[in-house]
file data35.pdb (PDB, C-alpha atoms)
MODEL        1
ATOM      1  CA  MET S   1      18.560  27.481   4.430
ATOM      2  CA  SER S   2      16.260  29.207   1.968
ATOM      3  CA  ARG S   3      12.598  29.365   2.732
ATOM      4  CA  THR S   4      10.225  27.269   0.669
ATOM      5  CA  ASN S   5       7.231  29.345  -0.303
ATOM      6  CA  TRP S   6       4.361  28.285  -2.552
ATOM      7  CA  ALA S   7       6.219  29.301  -5.742
ATOM      8  CA  ALA S   8       9.249  27.187  -4.804
ATOM      9  CA  PHE S   9       7.016  24.225  -3.983
ATOM     10  CA  THR S  10       5.148  24.621  -7.288
ATOM     11  CA  ALA S  11       8.440  24.677  -9.209
ATOM     12  CA  SER S  12       9.746  21.572  -7.448
ATOM     13  CA  ALA S  13       6.541  19.491  -7.408
ATOM     14  CA  PRO S  14       4.048  20.725 -10.023
ATOM     15  CA  GLU S  15       2.340  17.316 -10.121
ATOM     16  CA  LEU S  16       1.286  17.820  -6.487
ATOM     17  CA  ALA S  17       1.008  21.627  -6.356
ATOM     18  CA  GLY S  18      -1.649  21.823  -9.072
ATOM     19  CA  PRO S  19      -4.093  19.381  -7.452
ATOM     20  CA  ALA S  20      -3.395  20.884  -4.005
ATOM     21  CA  GLU S  21      -4.210  24.406  -5.142
ATOM     22  CA  GLU S  22      -7.334  23.159  -6.953
ATOM     23  CA  ARG S  23      -8.469  21.396  -3.803
ATOM     24  CA  PHE S  24      -8.110  24.563  -1.733
ATOM     25  CA  GLY S  25      -9.743  26.592  -4.495
ATOM     26  CA  ALA S  26     -12.870  24.411  -4.491
ATOM     27  CA  PHE S  27     -14.082  25.951  -1.204
ATOM     28  CA  THR S  28     -13.524  29.222   0.618
ATOM     29  CA  HIS S  29     -13.167  28.044   4.204
ATOM     30  CA  HIS S  30     -10.574  25.584   5.481
ATOM     31  CA  VAL S  31      -9.214  24.400   8.852
ATOM     32  CA  LEU S  32      -6.056  25.830  10.418
ATOM     33  CA  ALA S  33      -4.344  24.102  13.345
ATOM     34  CA  THR S  34      -2.108  26.168  15.624
ATOM     35  CA  LEU S  35      -0.573  25.605  19.049
ATOM     36  CA  ARG S  36      -2.039  27.220  22.158
ATOM     37  CA  ARG S  37       0.176  28.713  24.842
ATOM     38  CA  ASP S  38       0.103  25.405  26.759
ATOM     39  CA  GLY S  39       1.049  23.424  23.627
ATOM     40  CA  ALA S  40      -2.415  21.975  23.049
ATOM     41  CA  PRO S  41      -3.730  22.108  19.480
ATOM     42  CA  ARG S  42      -6.294  24.689  18.412
ATOM     43  CA  THR S  43      -8.303  24.401  15.184
ATOM     44  CA  SER S  44      -9.932  27.396  13.550
ATOM     45  CA  GLY S  45     -11.686  28.191  10.322
ATOM     46  CA  ILE S  46      -9.693  30.266   7.832
ATOM     47  CA  GLU S  47      -9.622  31.529   4.277
ATOM     48  CA  ALA S  48      -6.285  30.734   2.613
ATOM     49  CA  ARG S  49      -5.084  32.599  -0.496
ATOM     50  CA  PHE S  50      -2.614  31.571  -3.180
ATOM     51  CA  LEU S  51      -1.334  34.883  -4.504
ATOM     52  CA  LEU S  52       1.927  36.374  -5.737
ATOM     53  CA  GLY S  53       3.786  33.065  -5.342
ATOM     54  CA  GLU S  54       2.813  32.732  -1.692
ATOM     55  CA  LEU S  55       0.242  30.897   0.401
ATOM     56  CA  TRP S  56      -1.224  33.632   2.622
ATOM     57  CA  LEU S  57      -3.171  33.395   5.860
ATOM     58  CA  GLY S  58      -5.154  36.511   6.775
ATOM     59  CA  MET S  59      -6.813  36.911  10.193
ATOM     60  CA  MET S  60      -8.901  39.303  12.236
ATOM     61  CA  PRO S  61      -7.006  41.559  14.659
ATOM     62  CA  ASP S  62      -5.885  39.775  17.815
ATOM     63  CA  SER S  63      -7.661  36.540  16.879
ATOM     64  CA  LEU S  64      -6.505  33.581  18.957
ATOM     65  CA  LYS S  65      -5.018  31.859  15.911
ATOM     66  CA  ALA S  66      -2.970  34.981  15.084
ATOM     67  CA  LEU S  67      -1.738  35.210  18.674
ATOM     68  CA  ASP S  68      -0.872  31.499  18.568
ATOM     69  CA  LEU S  69       1.182  31.972  15.380
ATOM     70  CA  ARG S  70       2.987  35.002  16.792
ATOM     71  CA  ARG S  71       4.028  32.858  19.763
ATOM     72  CA  ASP S  72       4.767  29.651  17.820
ATOM     73  CA  PRO S  73       4.753  29.853  14.006
ATOM     74  CA  ARG S  74       4.081  26.152  13.369
ATOM     75  CA  PHE S  75       0.795  25.385  11.639
ATOM     76  CA  ALA S  76      -1.114  22.746   9.716
ATOM     77  CA  LEU S  77      -3.751  23.688   7.149
ATOM     78  CA  GLN S  78      -6.328  21.209   5.885
ATOM     79  CA  ALA S  79      -8.454  21.772   2.794
ATOM     80  CA  ASN S  80     -12.199  21.756   3.276
ATOM     81  CA  PRO S  81     -13.337  18.204   2.441
ATOM     82  CA  GLY S  82     -16.560  19.468   0.882
ATOM     83  CA  PRO S  83     -20.042  18.028   1.223
ATOM     84  CA  GLY S  84     -20.718  14.354   1.737
ATOM     85  CA  THR S  85     -18.013  11.727   1.657
ATOM     86  CA  ALA S  86     -16.808  11.984  -1.953
ATOM     87  CA  MET S  87     -13.851  14.307  -1.200
ATOM     88  CA  GLY S  88     -13.389  15.156  -4.862
ATOM     89  CA  GLY S  89      -9.706  15.825  -5.472
ATOM     90  CA  GLY S  90      -8.711  14.070  -2.274
ATOM     91  CA  ASP S  91      -7.593  15.348   1.090
ATOM     92  CA  VAL S  92      -4.805  17.955   1.137
ATOM     93  CA  ARG S  93      -2.807  19.090   4.164
ATOM     94  CA  ILE S  94      -0.050  21.681   4.289
ATOM     95  CA  SER S  95       2.318  22.126   7.224
ATOM     96  CA  GLY S  96       4.925  24.752   7.893
ATOM     97  CA  ARG S  97       5.748  27.996   9.604
ATOM     98  CA  ALA S  98       3.722  31.206   9.374
ATOM     99  CA  VAL S  99       5.697  34.457   9.253
ATOM    100  CA  GLU S 100       3.799  37.656   9.991
ATOM    101  CA  VAL S 101       4.005  40.434   7.411
ATOM    102  CA  THR S 102       3.376  43.782   9.070
ATOM    103  CA  ASP S 103       4.159  46.333   6.389
ATOM    104  CA  GLY S 104       5.951  46.878   3.132
ATOM    105  CA  ASP S 105       5.316  46.072  -0.486
ATOM    106  CA  ALA S 106       4.092  42.518   0.147
ATOM    107  CA  LYS S 107       1.272  43.610   2.450
ATOM    108  CA  ARG S 108       0.285  46.458   0.115
ATOM    109  CA  ALA S 109       0.165  44.046  -2.832
ATOM    110  CA  TYR S 110      -1.992  41.619  -0.825
ATOM    111  CA  VAL S 111      -4.376  44.426   0.195
ATOM    112  CA  LYS S 112      -4.638  45.594  -3.414
ATOM    113  CA  GLU S 113      -5.620  42.095  -4.610
ATOM    114  CA  VAL S 114      -7.789  40.899  -1.713
ATOM    115  CA  GLU S 115      -9.207  44.125  -0.194
ATOM    116  CA  PRO S 116      -9.534  42.598   3.298
ATOM    117  CA  PRO S 117     -11.283  44.429   6.128
ATOM    118  CA  GLU S 118      -8.648  46.395   8.016
ATOM    119  CA  PRO S 119      -6.903  46.111  10.362
ATOM    120  CA  PHE S 120      -5.856  42.488   9.987
ATOM    121  CA  HIS S 121      -2.967  40.105  10.551
ATOM    122  CA  LEU S 122      -1.232  38.712   7.484
ATOM    123  CA  PHE S 123       1.077  35.708   7.481
ATOM    124  CA  ARG S 124       3.059  34.240   4.592
ATOM    125  CA  THR S 125       3.907  30.573   4.835
ATOM    126  CA  GLU S 126       7.135  28.616   4.719
ATOM    127  CA  LEU S 127       6.255  25.041   3.812
ATOM    128  CA  THR S 128       7.667  21.974   5.547
ATOM    129  CA  GLU S 129       5.294  19.338   4.138
ATOM    130  CA  VAL S 130       2.421  18.924   1.674
ATOM    131  CA  VAL S 131       0.364  15.721   1.701
ATOM    132  CA  ARG S 132      -2.409  14.662  -0.666
ATOM    133  CA  THR S 133      -4.456  11.516  -0.038
ATOM    134  CA  PHE S 134      -6.934  10.237  -2.605
ATOM    135  CA  VAL S 135      -8.568   7.098  -3.956
ATOM    136  CA  GLU S 136      -7.517   5.941  -7.425
ATOM    137  CA  ASP S 137      -9.650   3.669  -9.614
ATOM    138  CA  ASP S 138     -11.962   2.985  -6.629
ATOM    139  CA  ARG S 139      -9.288   0.529  -5.586
ATOM    140  CA  TYR S 140      -6.141   2.173  -4.268
ATOM    141  CA  LEU S 141      -5.504   4.659  -1.511
ATOM    142  CA  VAL S 142      -2.737   6.927  -2.790
ATOM    143  CA  VAL S 143      -0.701   9.196  -0.528
ATOM    144  CA  GLN S 144       1.659  11.782  -2.048
ATOM    145  CA  VAL S 145       4.132  13.399   0.356
ATOM    146  CA  TRP S 146       6.461  16.320  -0.398
ATOM    147  CA  LYS S 147       9.105  17.868   1.844
ATOM    148  CA  PRO S 148      11.592  20.627   0.887
ATOM    149  CA  GLY S 149      14.584  19.314  -1.018
ATOM    150  CA  GLU S 150      12.998  15.916  -1.623
ATOM    151  CA  PRO S 151      11.068  14.504  -4.563
ATOM    152  CA  VAL S 152       7.400  13.654  -4.096
ATOM    153  CA  ARG S 153       7.023  10.220  -2.505
ATOM    154  CA  THR S 154       3.974   8.252  -3.577
ATOM    155  CA  LEU S 155       2.607   5.438  -1.426
ATOM    156  CA  GLN S 156      -0.158   3.182  -2.677
ATOM    157  CA  ARG S 157      -2.320   0.794  -0.652
ATOM    158  CA  THR S 158      -5.003  -1.624  -1.700
TER
ENDMDL
END

call {"tool": "encode", "arguments": {"input": "data35.pdb", "output": "structure tokens"}}
result
Amino acid sequence: MSRTNWAAFTASAPELAGPAEERFGAFTHHVLATLRRDGAPRTSGIEARFLLGELWLGMMPDSLKALDLRRDPRFALQANPGPGTAMGGGDVRISGRAVEVTDGDAKRAYVKEVEPPEPFHLFRTELTEVVRTFVEDDRYLVVQVWKPGEPVRTLQRT
């Protein structure tokens, strides 16, 4: 099975990828959920980057979230909702697996673009689900759901 990175998701669901990337781009800090050693959830603040066709997660050395992902790569990432209750652009969540990148051309390219403080952990993501929830016409709650190999499903509630 081929991995589904951000570029593959964007190609398969541009109508969802564009608003999702805009939502994450509106703020710097977001919320990452990982699994602790005992299986309990852990949430942490994180800066996520869309770069070179990938969604990247960079972390301080030996941070708990990095250690969690090394042990169990499953994650959920939620876009910062912003101030107040307006949630312009809706709520966006991305789930998947985080794969650590330790050397090579990909890490060098990331460092060249981002110039992070070193040392650091870098993970590229393999997506398993993207969900966007928003209000349309002040009347409908709309939920868009994408999974690899499937078209975007749109659910609408009054």

call {"tool": "resolve_selection", "arguments": {"input": "data35.pdb", "expression": "the PyMOL selection byres ((chain S and resi 63-65) around 12)", "output": "ChimeraX atom specification"}}
result
/S:31-37,41-46,57-62,66-76,98,119-123

call {"tool": "resolve_selection", "arguments": {"input": "data35.pdb", "expression": "the PyMOL selection byres ((chain S and resi 83-86) around 12)", "output": "PyMOL selection string"}}
result
chain S and resi 26-27+80-82+87-91+134-135+138

call {"tool": "residues_around", "arguments": {"input": "data35.pdb", "residues": "range 5-12 of chain S", "least_positions_apart": "2", "cutoff": "8 Å", "atoms": "only C-alpha atoms", "output": "MDAnalysis selection string"}}
result
chainID S and resid 3 14 16:18 50 53:55 125:127 148 151

call {"tool": "residues_around", "arguments": {"input": "data35.pdb", "residues": "Arg132 in chain S", "least_positions_apart": "2", "cutoff": "10 Å", "atoms": "all atoms listed in the file", "output": "tab-separated table (two decimals) with C-alpha atoms, keeping the file's coordinate frame"}}
result
chain	number	residue	atom	x	y	z
S	16	LEU	CA	1.29	17.82	-6.49
S	17	ALA	CA	1.01	21.63	-6.36
S	19	PRO	CA	-4.09	19.38	-7.45
S	20	ALA	CA	-3.40	20.88	-4.00
S	23	ARG	CA	-8.47	21.40	-3.80
S	79	ALA	CA	-8.45	21.77	2.79
S	89	GLY	CA	-9.71	15.82	-5.47
S	90	GLY	CA	-8.71	14.07	-2.27
S	91	ASP	CA	-7.59	15.35	1.09
S	92	VAL	CA	-4.80	17.95	1.14
S	93	ARG	CA	-2.81	19.09	4.16
S	94	ILE	CA	-0.05	21.68	4.29
S	130	VAL	CA	2.42	18.92	1.67
S	134	PHE	CA	-6.93	10.24	-2.60
S	142	VAL	CA	-2.74	6.93	-2.79
S	143	VAL	CA	-0.70	9.20	-0.53
S	144	GLN	CA	1.66	11.78	-2.05
S	145	VAL	CA	4.13	13.40	0.36
S	146	TRP	CA	6.46	16.32	-0.40
S	154	THR	CA	3.97	8.25	-3.58

call {"tool": "atom_distance", "arguments": {"input": "data35.pdb", "atom1": "CA of Arg49 in chain S", "atom2": "CA of Val152 in chain S"}}
result
23.0 Å

call {"tool": "residues_around", "arguments": {"input": "data35.pdb", "residues": "Val111 in chain S", "least_positions_apart": "4", "cutoff": "12 Å", "atoms": "all atoms listed in the file", "output": "short mmCIF file (atom, residue, chain, number, x, y, z; two decimals) with C-alpha atoms, in the frame of the given file"}}
result
data_model
loop_
_atom_site.label_atom_id
_atom_site.label_comp_id
_atom_site.auth_asym_id
_atom_site.auth_seq_id
_atom_site.Cartn_x
_atom_site.Cartn_y
_atom_site.Cartn_z
CA ARG S 49 -5.08 32.60 -0.50
CA LEU S 51 -1.33 34.88 -4.50
CA LEU S 52 1.93 36.37 -5.74
CA TRP S 56 -1.22 33.63 2.62
CA GLY S 58 -5.15 36.51 6.78
CA VAL S 101 4.00 40.43 7.41
CA THR S 102 3.38 43.78 9.07
CA ASP S 103 4.16 46.33 6.39
CA GLY S 104 5.95 46.88 3.13
CA ASP S 105 5.32 46.07 -0.49
CA ALA S 106 4.09 42.52 0.15
CA LYS S 107 1.27 43.61 2.45
CA GLU S 115 -9.21 44.12 -0.19
CA PRO S 116 -9.53 42.60 3.30
CA PRO S 117 -11.28 44.43 6.13
CA GLU S 118 -8.65 46.40 8.02
CA PRO S 119 -6.90 46.11 10.36
CA PHE S 120 -5.86 42.49 9.99
CA HIS S 121 -2.97 40.10 10.55
CA LEU S 122 -1.23 38.71 7.48
#

call {"tool": "atom_distance", "arguments": {"input": "data35.pdb", "atom1": "CA of Arg157 in chain S", "atom2": "CA of Val131 in chain S"}}
result
15.3 Å
